[in-house]
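What follows is the content of final.pdb (PDB, C-alpha atoms).
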ATOM      1  CA  MET G   1      78.920  89.927 303.317
ATOM      2  CA  LYS G   2      77.100  89.064 306.557
ATOM      3  CA  VAL G   3      79.030  89.430 309.809
ATOM      4  CA  ALA G   4      77.866  87.891 313.091
ATOM      5  CA  ALA G   5      79.380  90.621 315.267
ATOM      6  CA  ASP G   6      77.495  89.920 318.500
ATOM      7  CA  HIS G   7      79.838  87.216 319.746
ATOM      8  CA  ARG G   8      83.095  88.619 318.360
ATOM      9  CA  SER G   9      85.759  90.123 320.545
ATOM     10  CA  GLY G  10      87.212  93.447 319.481
ATOM     11  CA  ASN G  11      90.394  91.745 318.300
ATOM     12  CA  SER G  12      88.622  89.066 316.255
ATOM     13  CA  PHE G  13      86.458  91.657 314.542
ATOM     14  CA  LEU G  14      89.565  93.705 313.775
ATOM     15  CA  ASP G  15      91.174  90.571 312.327
ATOM     16  CA  PHE G  16      88.102  90.123 310.116
ATOM     17  CA  LEU G  17      88.307  93.711 308.848
ATOM     18  CA  LEU G  18      92.024  93.364 308.107
ATOM     19  CA  SER G  19      91.335  90.123 306.222
ATOM     20  CA  PHE G  20      88.566  91.829 304.222
ATOM     21  CA  VAL G  21      90.864  94.722 303.299
ATOM     22  CA  ALA G  22      93.571  92.251 302.271
ATOM     23  CA  ASP G  23      91.109  90.437 300.009
ATOM     24  CA  CYS G  24      90.053  93.734 298.408
ATOM     25  CA  SER G  25      93.695  94.605 297.731
ATOM     26  CA  LYS G  26      93.945  91.510 295.518
ATOM     27  CA  PHE G  27      90.564  91.809 293.788
ATOM     28  CA  GLN G  28      89.909  93.832 290.632
ATOM     29  CA  ALA G  29      86.549  95.280 289.629
ATOM     30  CA  GLY G  30      85.421  97.919 287.167
ATOM     31  CA  TYR G  31      83.126  99.072 284.381
ATOM     32  CA  VAL G  32      83.707  98.404 280.676
ATOM     33  CA  ALA G  33      81.878 100.132 277.815
ATOM     34  CA  LEU G  34      81.516  98.463 274.410
ATOM     35  CA  ILE G  35      81.473 101.186 271.739
ATOM     36  CA  GLY G  36      81.139 100.956 267.954
ATOM     37  CA  LYS G  37      79.027 101.514 264.867
ATOM     38  CA  PRO G  38      75.762  99.603 264.363
ATOM     39  CA  ASN G  39      76.064  95.917 263.439
ATOM     40  CA  VAL G  40      79.747  95.443 264.284
ATOM     41  CA  GLY G  41      78.936  92.696 266.808
ATOM     42  CA  LYS G  42      78.973  94.477 270.186
ATOM     43  CA  SER G  43      76.070  92.444 271.566
ATOM     44  CA  THR G  44      77.540  89.142 270.368
ATOM     45  CA  LEU G  45      80.864  90.074 271.986
ATOM     46  CA  LEU G  46      79.180  90.935 275.297
ATOM     47  CA  ASN G  47      77.302  87.634 275.272
ATOM     48  CA  GLY G  48      80.574  85.808 274.571
ATOM     49  CA  ILE G  49      82.458  87.511 277.407
ATOM     50  CA  ILE G  50      79.707  86.797 279.923
ATOM     51  CA  GLY G  51      79.172  83.266 278.672
ATOM     52  CA  GLN G  52      75.433  83.475 278.098
ATOM     53  CA  LYS G  53      72.984  85.453 276.000
ATOM     54  CA  LEU G  54      71.896  88.778 277.474
ATOM     55  CA  SER G  55      71.875  91.194 274.532
ATOM     56  CA  ILE G  56      69.650  90.470 271.559
ATOM     57  CA  VAL G  57      71.444  89.726 268.298
ATOM     58  CA  THR G  58      70.096  90.165 264.760
ATOM     59  CA  ALA G  59      71.518  90.818 261.303
ATOM     60  CA  LYS G  60      69.814  94.230 261.246
ATOM     61  CA  PRO G  61      71.702  97.325 262.451
ATOM     62  CA  GLN G  62      70.789  99.411 265.509
ATOM     63  CA  THR G  63      69.142  96.531 267.388
ATOM     64  CA  THR G  64      70.288  97.649 270.850
ATOM     65  CA  ARG G  65      68.338 100.592 272.280
ATOM     66  CA  HIS G  66      68.951 100.447 276.015
ATOM     67  CA  ARG G  67      72.354 100.353 277.629
ATOM     68  CA  ILE G  68      72.538  96.681 278.583
ATOM     69  CA  LEU G  69      74.496  95.933 281.736
ATOM     70  CA  GLY G  70      76.109  92.494 281.955
ATOM     71  CA  ILE G  71      78.318  91.156 284.740
ATOM     72  CA  CYS G  72      81.245  88.769 284.305
ATOM     73  CA  SER G  73      82.831  87.509 287.547
ATOM     74  CA  GLY G  74      85.931  85.401 288.109
ATOM     75  CA  PRO G  75      87.840  84.228 291.195
ATOM     76  CA  ASN G  76      89.729  87.518 291.498
ATOM     77  CA  TYR G  77      87.856  89.957 289.266
ATOM     78  CA  GLN G  78      84.475  91.351 288.286
ATOM     79  CA  MET G  79      83.847  93.314 285.101
ATOM     80  CA  ILE G  80      80.558  95.151 284.555
ATOM     81  CA  LEU G  81      79.971  95.546 280.828
ATOM     82  CA  TYR G  82      77.826  98.138 279.059
ATOM     83  CA  ASP G  83      76.529  97.055 275.648
ATOM     84  CA  THR G  84      75.645 100.399 274.076
ATOM     85  CA  PRO G  85      73.555 101.353 271.020
ATOM     86  CA  GLY G  86      75.481 101.653 267.757
ATOM     87  CA  VAL G  87      77.054 105.066 267.184
ATOM     88  CA  ILE G  88      75.182 107.035 264.514
ATOM     89  CA  THR G  89      75.899 110.526 263.203
ATOM     90  CA  LYS G  90      72.465 111.232 261.682
ATOM     91  CA  GLN G  91      69.820 111.289 264.423
ATOM     92  CA  MET G  92      66.281 111.049 263.033
ATOM     93  CA  HIS G  93      64.229 110.982 266.239
ATOM     94  CA  LYS G  94      64.408 111.947 269.892
ATOM     95  CA  LEU G  95      64.973 108.236 270.524
ATOM     96  CA  ASP G  96      68.215 108.395 268.495
ATOM     97  CA  GLU G  97      69.377 111.405 270.521
ATOM     98  CA  LEU G  98      68.729 109.644 273.839
ATOM     99  CA  MET G  99      70.515 106.498 272.636
ATOM    100  CA  MET G 100      73.613 108.534 271.771
ATOM    101  CA  LYS G 101      73.469 110.150 275.226
ATOM    102  CA  SER G 102      73.486 106.627 276.614
ATOM    103  CA  VAL G 103      76.676 105.863 274.654
ATOM    104  CA  ARG G 104      78.374 108.978 276.005
ATOM    105  CA  SER G 105      77.247 108.239 279.575
ATOM    106  CA  ALA G 106      78.630 104.698 279.383
ATOM    107  CA  THR G 107      81.930 106.066 278.066
ATOM    108  CA  ILE G 108      82.168 108.585 280.903
ATOM    109  CA  ASN G 109      81.346 106.040 283.624
ATOM    110  CA  SER G 110      83.636 103.246 282.410
ATOM    111  CA  ASP G 111      87.098 102.369 283.680
ATOM    112  CA  CYS G 112      88.210 100.951 280.327
ATOM    113  CA  LEU G 113      86.778 100.654 276.837
ATOM    114  CA  LEU G 114      86.315  98.134 274.073
ATOM    115  CA  LEU G 115      86.068  99.865 270.701
ATOM    116  CA  ILE G 116      84.673  97.370 268.186
ATOM    117  CA  ALA G 117      85.122  97.539 264.413
ATOM    118  CA  ASP G 118      84.153  95.173 261.579
ATOM    119  CA  ILE G 119      87.316  93.664 260.092
ATOM    120  CA  CYS G 120      85.423  92.921 256.847
ATOM    121  CA  HIS G 121      85.234  96.639 256.051
ATOM    122  CA  PRO G 122      88.135  98.684 254.647
ATOM    123  CA  PRO G 123      90.377 100.130 257.395
ATOM    124  CA  GLU G 124      89.178 103.501 258.703
ATOM    125  CA  GLN G 125      89.776 105.934 261.514
ATOM    126  CA  VAL G 126      87.557 104.302 264.131
ATOM    127  CA  LEU G 127      87.180 107.519 266.123
ATOM    128  CA  GLY G 128      85.904 109.444 263.091
ATOM    129  CA  THR G 129      82.192 108.942 263.879
ATOM    130  CA  LEU G 130      82.518 110.223 267.474
ATOM    131  CA  ASP G 131      82.332 113.824 268.620
ATOM    132  CA  GLU G 132      85.420 115.555 270.023
ATOM    133  CA  GLY G 133      84.335 115.119 273.639
ATOM    134  CA  ALA G 134      83.871 111.376 273.238
ATOM    135  CA  VAL G 135      87.230 111.047 271.457
ATOM    136  CA  ASN G 136      88.989 112.833 274.331
ATOM    137  CA  LEU G 137      87.288 110.532 276.835
ATOM    138  CA  ILE G 138      88.400 107.440 274.938
ATOM    139  CA  LYS G 139      91.976 108.684 274.702
ATOM    140  CA  SER G 140      92.045 109.254 278.473
ATOM    141  CA  LYS G 141      91.177 105.630 279.339
ATOM    142  CA  PRO G 142      92.648 102.201 278.603
ATOM    143  CA  THR G 143      91.113 101.264 275.252
ATOM    144  CA  LEU G 144      91.270  98.029 273.292
ATOM    145  CA  LEU G 145      90.375  97.974 269.610
ATOM    146  CA  VAL G 146      88.561  94.718 268.823
ATOM    147  CA  LEU G 147      88.426  93.753 265.141
ATOM    148  CA  ASN G 148      85.376  91.488 264.991
ATOM    149  CA  LYS G 149      84.228  88.910 262.397
ATOM    150  CA  LYS G 150      87.685  87.559 261.605
ATOM    151  CA  ASP G 151      86.026  84.266 260.660
ATOM    152  CA  LYS G 152      84.862  85.972 257.451
ATOM    153  CA  VAL G 153      88.297  86.988 256.094
ATOM    154  CA  LYS G 154      91.554  85.233 255.216
ATOM    155  CA  GLN G 155      94.408  85.068 257.725
ATOM    156  CA  SER G 156      96.661  87.185 255.486
ATOM    157  CA  GLU G 157      94.012  89.934 255.401
ATOM    158  CA  ILE G 158      93.563  89.770 259.179
ATOM    159  CA  GLN G 159      97.282  90.357 259.665
ATOM    160  CA  LYS G 160      97.400  93.273 257.214
ATOM    161  CA  LYS G 161      94.417  95.030 258.791
ATOM    162  CA  GLN G 162      95.676  94.431 262.312
ATOM    163  CA  GLU G 163      99.013  96.001 261.389
ATOM    164  CA  TRP G 164      97.242  98.991 259.791
ATOM    165  CA  TYR G 165      95.138  99.619 262.883
ATOM    166  CA  GLU G 166      98.136  99.196 265.191
ATOM    167  CA  LYS G 167      99.928 101.960 263.265
ATOM    168  CA  ASN G 168      97.030 104.315 262.604
ATOM    169  CA  SER G 169      94.250 103.894 265.199
ATOM    170  CA  GLY G 170      96.030 105.277 268.249
ATOM    171  CA  MET G 171      94.595 102.458 270.405
ATOM    172  CA  ASP G 172      96.522 100.776 273.230
ATOM    173  CA  GLU G 173      96.233  97.353 271.600
ATOM    174  CA  VAL G 174      94.426  95.630 268.708
ATOM    175  CA  ILE G 175      92.953  92.119 268.941
ATOM    176  CA  PRO G 176      91.101  90.364 266.089
ATOM    177  CA  VAL G 177      88.225  88.119 267.228
ATOM    178  CA  SER G 178      85.230  86.183 266.042
ATOM    179  CA  ALA G 179      82.599  86.878 268.668
ATOM    180  CA  LYS G 180      80.179  84.563 266.861
ATOM    181  CA  PHE G 181      82.478  81.543 267.251
ATOM    182  CA  GLY G 182      84.216  82.599 270.477
ATOM    183  CA  LEU G 183      87.626  83.075 268.874
ATOM    184  CA  GLY G 184      89.827  85.573 270.735
ATOM    185  CA  ILE G 185      87.306  86.120 273.559
ATOM    186  CA  GLU G 186      89.677  84.864 276.272
ATOM    187  CA  GLU G 187      92.422  87.192 275.029
ATOM    188  CA  VAL G 188      89.998  90.127 275.289
ATOM    189  CA  LYS G 189      89.001  89.072 278.813
ATOM    190  CA  GLN G 190      92.645  88.805 279.869
ATOM    191  CA  TRP G 191      93.315  92.313 278.543
ATOM    192  CA  LEU G 192      90.307  93.672 280.441
ATOM    193  CA  VAL G 193      91.284  92.013 283.716
ATOM    194  CA  SER G 194      94.778  93.506 283.401
ATOM    195  CA  LYS G 195      93.244  97.003 283.165
ATOM    196  CA  LEU G 196      90.569  96.781 285.881
ATOM    197  CA  PRO G 197      91.257  98.849 289.008
ATOM    198  CA  LEU G 198      91.744  97.194 292.395
ATOM    199  CA  GLY G 199      88.645  97.058 294.573
ATOM    200  CA  PRO G 200      85.811  94.859 295.842
ATOM    201  CA  ALA G 201      83.052  93.411 293.672
ATOM    202  CA  TYR G 202      80.125  95.710 292.906
ATOM    203  CA  TYR G 203      77.573  92.896 292.621
ATOM    204  CA  PRO G 204      77.077  89.372 294.004
ATOM    205  CA  ARG G 205      79.292  87.082 291.960
ATOM    206  CA  ASP G 206      76.486  84.686 290.988
ATOM    207  CA  ILE G 207      74.428  87.215 288.962
ATOM    208  CA  VAL G 208      75.011  88.240 285.342
ATOM    209  CA  SER G 209      72.894  91.421 285.135
ATOM    210  CA  GLU G 210      71.142  93.986 287.314
ATOM    211  CA  HIS G 211      68.129  94.071 284.986
ATOM    212  CA  GLN G 212      64.959  92.255 286.017
ATOM    213  CA  GLU G 213      63.505  89.311 284.089
ATOM    214  CA  ARG G 214      60.721  91.475 282.655
ATOM    215  CA  PHE G 215      63.325  93.659 280.918
ATOM    216  CA  PHE G 216      64.842  90.642 279.155
ATOM    217  CA  VAL G 217      61.367  89.374 278.248
ATOM    218  CA  SER G 218      60.752  92.620 276.349
ATOM    219  CA  GLU G 219      64.193  92.369 274.713
ATOM    220  CA  ILE G 220      63.516  88.783 273.566
ATOM    221  CA  PHE G 221      60.233  89.970 272.057
ATOM    222  CA  ARG G 222      62.018  92.812 270.243
ATOM    223  CA  GLU G 223      64.584  90.353 268.899
ATOM    224  CA  LYS G 224      61.819  88.233 267.374
ATOM    225  CA  ILE G 225      60.255  91.310 265.792
ATOM    226  CA  PHE G 226      63.608  92.108 264.177
ATOM    227  CA  GLN G 227      63.901  88.542 262.917
ATOM    228  CA  LEU G 228      60.354  88.123 261.586
ATOM    229  CA  TYR G 229      59.472  91.556 260.160
ATOM    230  CA  ARG G 230      61.056  93.810 257.555
ATOM    231  CA  GLU G 231      61.585  97.479 256.738
ATOM    232  CA  GLU G 232      60.306  99.928 259.347
ATOM    233  CA  ILE G 233      58.388  97.538 261.627
ATOM    234  CA  PRO G 234      61.311  96.573 263.934
ATOM    235  CA  TYR G 235      62.345 100.210 264.331
ATOM    236  CA  CYS G 236      58.894 101.660 264.999
ATOM    237  CA  SER G 237      57.939  98.975 267.551
ATOM    238  CA  GLN G 238      58.207  99.391 271.317
ATOM    239  CA  VAL G 239      57.638  96.368 273.574
ATOM    240  CA  ASN G 240      56.442  96.864 277.161
ATOM    241  CA  VAL G 241      55.896  94.176 279.767
ATOM    242  CA  VAL G 242      52.775  95.493 281.477
ATOM    243  CA  ARG G 243      52.381  92.670 283.972
ATOM    244  CA  TYR G 244      54.465  89.661 284.951
ATOM    245  CA  VAL G 245      52.960  87.189 287.429
ATOM    246  CA  GLU G 246      55.045  84.232 288.569
ATOM    247  CA  ARG G 247      53.004  81.154 289.454
ATOM    248  CA  GLU G 248      53.765  77.863 291.169
ATOM    249  CA  ALA G 249      54.191  74.937 288.752
ATOM    250  CA  PRO G 250      52.366  73.358 287.039
ATOM    251  CA  ALA G 251      50.614  76.699 286.513
ATOM    252  CA  LYS G 252      52.225  78.913 283.857
ATOM    253  CA  ASP G 253      53.663  82.368 284.501
ATOM    254  CA  PHE G 254      51.341  85.074 283.168
ATOM    255  CA  ILE G 255      52.938  87.821 281.068
ATOM    256  CA  GLU G 256      50.933  90.736 279.645
ATOM    257  CA  ILE G 257      52.721  92.475 276.796
ATOM    258  CA  GLU G 258      51.888  95.546 274.759
ATOM    259  CA  ILE G 259      53.514  96.415 271.459
ATOM    260  CA  LEU G 260      53.385 100.040 270.342
ATOM    261  CA  VAL G 261      53.664 101.154 266.729
ATOM    262  CA  GLU G 262      53.206 104.591 265.168
ATOM    263  CA  LYS G 263      50.604 103.926 262.450
ATOM    264  CA  GLU G 264      47.515 101.777 261.856
ATOM    265  CA  SER G 265      49.191 100.378 258.726
ATOM    266  CA  GLN G 266      52.115  99.172 260.859
ATOM    267  CA  LYS G 267      49.695  97.545 263.293
ATOM    268  CA  ALA G 268      48.070  95.692 260.400
ATOM    269  CA  ILE G 269      51.444  94.360 259.243
ATOM    270  CA  LEU G 270      52.363  93.304 262.772
ATOM    271  CA  LEU G 271      49.071  91.421 263.171
ATOM    272  CA  GLY G 272      49.102  89.854 259.702
ATOM    273  CA  LYS G 273      46.146  88.268 257.945
ATOM    274  CA  GLU G 274      43.704  86.918 260.545
ATOM    275  CA  GLY G 275      46.356  87.564 263.206
ATOM    276  CA  LYS G 276      48.646  84.819 261.894
ATOM    277  CA  ALA G 277      51.830  86.922 261.907
ATOM    278  CA  LEU G 278      51.309  87.907 265.550
ATOM    279  CA  LYS G 279      50.701  84.259 266.498
ATOM    280  CA  THR G 280      53.994  83.272 264.854
ATOM    281  CA  LEU G 281      55.750  86.087 266.717
ATOM    282  CA  ALA G 282      54.178  85.089 270.032
ATOM    283  CA  THR G 283      55.171  81.433 269.658
ATOM    284  CA  ALA G 284      58.774  82.238 268.735
ATOM    285  CA  ALA G 285      59.093  84.697 271.634
ATOM    286  CA  ARG G 286      57.410  82.391 274.160
ATOM    287  CA  LEU G 287      59.794  79.522 273.448
ATOM    288  CA  ASP G 288      62.858  81.720 274.030
ATOM    289  CA  ILE G 289      61.298  83.373 277.098
ATOM    290  CA  GLU G 290      60.554  79.977 278.650
ATOM    291  CA  ASP G 291      64.127  78.903 277.976
ATOM    292  CA  PHE G 292      65.434  82.115 279.580
ATOM    293  CA  VAL G 293      63.281  82.044 282.758
ATOM    294  CA  ASP G 294      63.218  78.212 282.924
ATOM    295  CA  ARG G 295      59.437  78.174 283.436
ATOM    296  CA  LYS G 296      56.365  77.695 281.263
ATOM    297  CA  CYS G 297      54.660  80.964 280.297
ATOM    298  CA  TYR G 298      51.332  82.213 278.995
ATOM    299  CA  LEU G 299      51.482  85.418 276.937
ATOM    300  CA  GLU G 300      48.704  87.954 276.470
ATOM    301  CA  ILE G 301      49.594  90.456 273.747
ATOM    302  CA  LYS G 302      47.999  93.754 272.766
ATOM    303  CA  VAL G 303      49.088  95.897 269.815
ATOM    304  CA  LYS G 304      48.462  99.644 270.137
ATOM    305  CA  VAL G 305      49.075 102.708 267.994
ATOM    306  CA  LYS G 306      50.857 105.673 269.569
ATOM    307  CA  GLU G 307      51.631 108.226 266.887
ATOM    308  CA  ASP G 308      55.252 109.439 266.763
ATOM    309  CA  TRP G 309      56.200 107.799 270.068
ATOM    310  CA  ARG G 310      59.886 107.946 269.038
ATOM    311  CA  LYS G 311      59.705 111.762 269.081
ATOM    312  CA  ASN G 312      57.880 112.046 272.425
ATOM    313  CA  GLU G 313      60.478 112.750 275.135
ATOM    314  CA  GLU G 314      58.057 112.148 278.004
ATOM    315  CA  LEU G 315      57.076 108.737 276.621
ATOM    316  CA  LEU G 316      60.690 107.807 275.926
ATOM    317  CA  GLU G 317      61.640 108.554 279.526
ATOM    318  CA  HIS G 318      58.625 106.511 280.664
ATOM    319  CA  PHE G 319      59.942 103.585 278.598
ATOM    320  CA  GLY G 320      63.363 103.812 280.238
ATOM    321  CA  TYR G 321      65.421 105.530 277.538
ATOM    322  CA  SER G 322      66.683 108.130 279.987
ATOM    323  CA  GLY G 323      68.803 105.364 281.531
ATOM    324  CA  LYS G 324      66.335 103.816 283.977
ATOM    325  CA  ILE G 325      64.607 100.646 282.851
ATOM    326  CA  ALA G 326      60.847 100.933 283.338
ATOM    327  CA  SER G 327      58.102  99.033 281.562
ATOM    328  CA  ALA G 328      54.526  99.937 282.276
ATOM    329  CA  SER G 329      51.237 100.365 280.487
ATOM    330  CA  LEU G 330      50.158 103.728 279.188
TER     331      LEU G 330
END

Target format structure tokens, applied to this file:
Amino acid sequence: MKVAADHRSGNSFLDFLLSFVADCSKFQAGYVALIGKPNVGKSTLLNGIIGQKLSIVTAKPQTTRHRILGICSGPNYQMILYDTPGVITKQMHKLDELMMKSVRSATINSDCLLLIADICHPPEQVLGTLDEGAVNLIKSKPTLLVLNKKDKVKQSEIQKKQEWYEKNSGMDEVIPVSAKFGLGIEEVKQWLVSKLPLGPAYYPRDIVSEHQERFFVSEIFREKIFQLYREEIPYCSQVNVVRYVEREAPAKDFIEIEILVEKESQKAILLGKEGKALKTLATAARLDIEDFVDRKCYLEIKVKVKEDWRKNEELLEHFGYSGKIASASL
């Protein structure tokens, strides 16, 4: 907030400060972590709460790698949401380990929690996949259990599973939703607002994320890789935005992208015969990127092989998996 203090009297400035404090006493702001197993719909739920697409969504599990920060602001509240990687117990690479550290960090730094489960699956102890420290953290904070994908089951089954979780989960409250169709989203938002601490907004109210455009460009590209390729390709691919140059219309923005894989055979699959698969990928990504940035774009793409990059801690930190988003060429 800008204050023109030069021409204010001492009393008028004091009145301003008192007014500001009064406003803060009515405003609520805080951090919310979305926690759950892979493919339970955390990213779809975050997108629904914010009201626009920030986190990539695919049918494949473990799509989210970074801790995505989204911001939802209302007249008297601001919630900062962490979409975290899916909780896994078996960690295959250093990348998996760093992603689970990201989940724990988000849990520690949040004011309240959304624990998401898939209502289509048999009822289970939702805290069973978390370590003891994480469980204790969750129990110490306001926590809502969100049963997602209720559009896929009958109403009678929804009621039975909700009752089971209310009796056995130990959560403060249980709300069934369909994040895909926006059912129950407002009820979740109302619960969150009721739990946010009093205080001023952390961010300007007209922004929806602290991440730069280049971060979301790389995420859009990763989403298309998940959608267009099978087996190990989506999981062994790392997308970096090496250069992003904005240009005045009618010139197109220039975006230089590199895709890392771990083997020459994976590179061949990514490229496809005569480069046709990569061209399809580039077109699909470009259309979504242009829609996101609201400008025409020209993409230059390079595919490189970096053996075992998912096990290389130095590289993983360079790519932003230590918590800081950074995309740069090797």

Interface rows for segment 173-226 of chain G against segment 256-264 of chain G: nearest pair, Å to one decimal, 12 Å, all atoms listed in the file, as a tab-separated table:
residue	atom	partner	partner_atom	distance
G:Arg214	CA	G:Ile257	CA	10.0
G:Phe215	CA	G:Ile257	CA	11.4
G:Val217	CA	G:Ile257	CA	9.3
G:Ser218	CA	G:Ile257	CA	8.0
G:Glu219	CA	G:Ile257	CA	11.7
G:Ile220	CA	G:Ile257	CA	11.9
G:Phe221	CA	G:Ile257	CA	9.2
G:Arg222	CA	G:Ile259	CA	9.3
G:Ile225	CA	G:Ile259	CA	10.2

* **Top pick for closest residue to Asp118 of chain G, considering G:Arg104, G:Ser140, G:Ile71, G:Lys37 and counting all atoms listed in the file** =>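 Closest candidate: G:Lys37.
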
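Summary of the local environment: counting only C-alpha atoms, residues at most 9 Å from Leu192 of chain G, other than itself and those fewer than 3 positions away along its chain, are Val32, Met79, Cys112, Leu113, Leu114, Leu144, Glu187, Val188, Lys189, Lys195 and Leu196 of chain G.
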
* Asked: Residues picked by the PyMOL selection byres ((chain G and resi 265-268) around 9) here, as a list of chain:residue names?
  ->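 Going through the file, the PyMOL selection byres ((chain G and resi 265-268) around 9) ends up selecting G:Glu232, G:Ile233, G:Cys236, G:Ser237, G:Leu260, G:Val261, G:Glu262, G:Lys263, G:Glu264, G:Ile269, G:Leu270, G:Leu271, G:Gly272, G:Lys273, G:Gly275, G:Val303, G:Lys304, G:Val305.
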
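Closest approach to Lys167 of chain G from the set G:Gln125, G:Val208, G:Gln155, G:Lys252 is made by G:Gln125, with distances taken over only C-alpha atoms.
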
* Point out the residue among G:Asn136, G:Gly199, G:Ile116, G:Glu314 with the least atom-to-atom distance to Val174 of chain G, counting all atoms listed in the file. =>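 Closest to Val174 of chain G, using all atoms listed in the file: G:Ile116.
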
* Using atom CA of Ala249 of chain G and atom CA of Gly51 of chain G as the two end points, give the distance in Å to one decimal. =>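 Value for the atom CA of Ala249 of chain G-atom CA of Gly51 of chain G distance: 28.2 Å.
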
* Evaluate the PyMOL selection byres ((chain G and resi 243) around 7) on the structure here and hand back the selected residues as a ChimeraX atom specification. => /G:241-242,244-245,255-256

* Care to translate the PyMOL selection byres ((chain G and resi 310) around 7) into actual residues of this file, as a VMD selection string? -> chain G and resid 93 to 95 308 to 309 311 to 312 316

Keeping only C-alpha atoms, write those residues as an mmCIF file, in the coordinates of the input.
data_model
loop_
_atom_site.group_PDB
_atom_site.id
_atom_site.type_symbol
_atom_site.label_atom_id
_atom_site.label_comp_id
_atom_site.auth_asym_id
_atom_site.auth_seq_id
_atom_site.Cartn_x
_atom_site.Cartn_y
_atom_site.Cartn_z
ATOM 1 C CA HIS G 93 64.229 110.982 266.239
ATOM 2 C CA LYS G 94 64.408 111.947 269.892
ATOM 3 C CA LEU G 95 64.973 108.236 270.524
ATOM 4 C CA ASP G 308 55.252 109.439 266.763
ATOM 5 C CA TRP G 309 56.200 107.799 270.068
ATOM 6 C CA LYS G 311 59.705 111.762 269.081
ATOM 7 C CA ASN G 312 57.880 112.046 272.425
ATOM 8 C CA LEU G 316 60.690 107.807 275.926
#

* Asked: Restricting the calculation to only C-alpha atoms, which member of G:Ala201, G:Ile289, G:Ile108, G:Leu45 is positioned closest to Ser73 of chain G?
  ->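 Among G:Ala201, G:Ile289, G:Ile108, G:Leu45, it is G:Ala201 that comes nearest to Ser73 of chain G.
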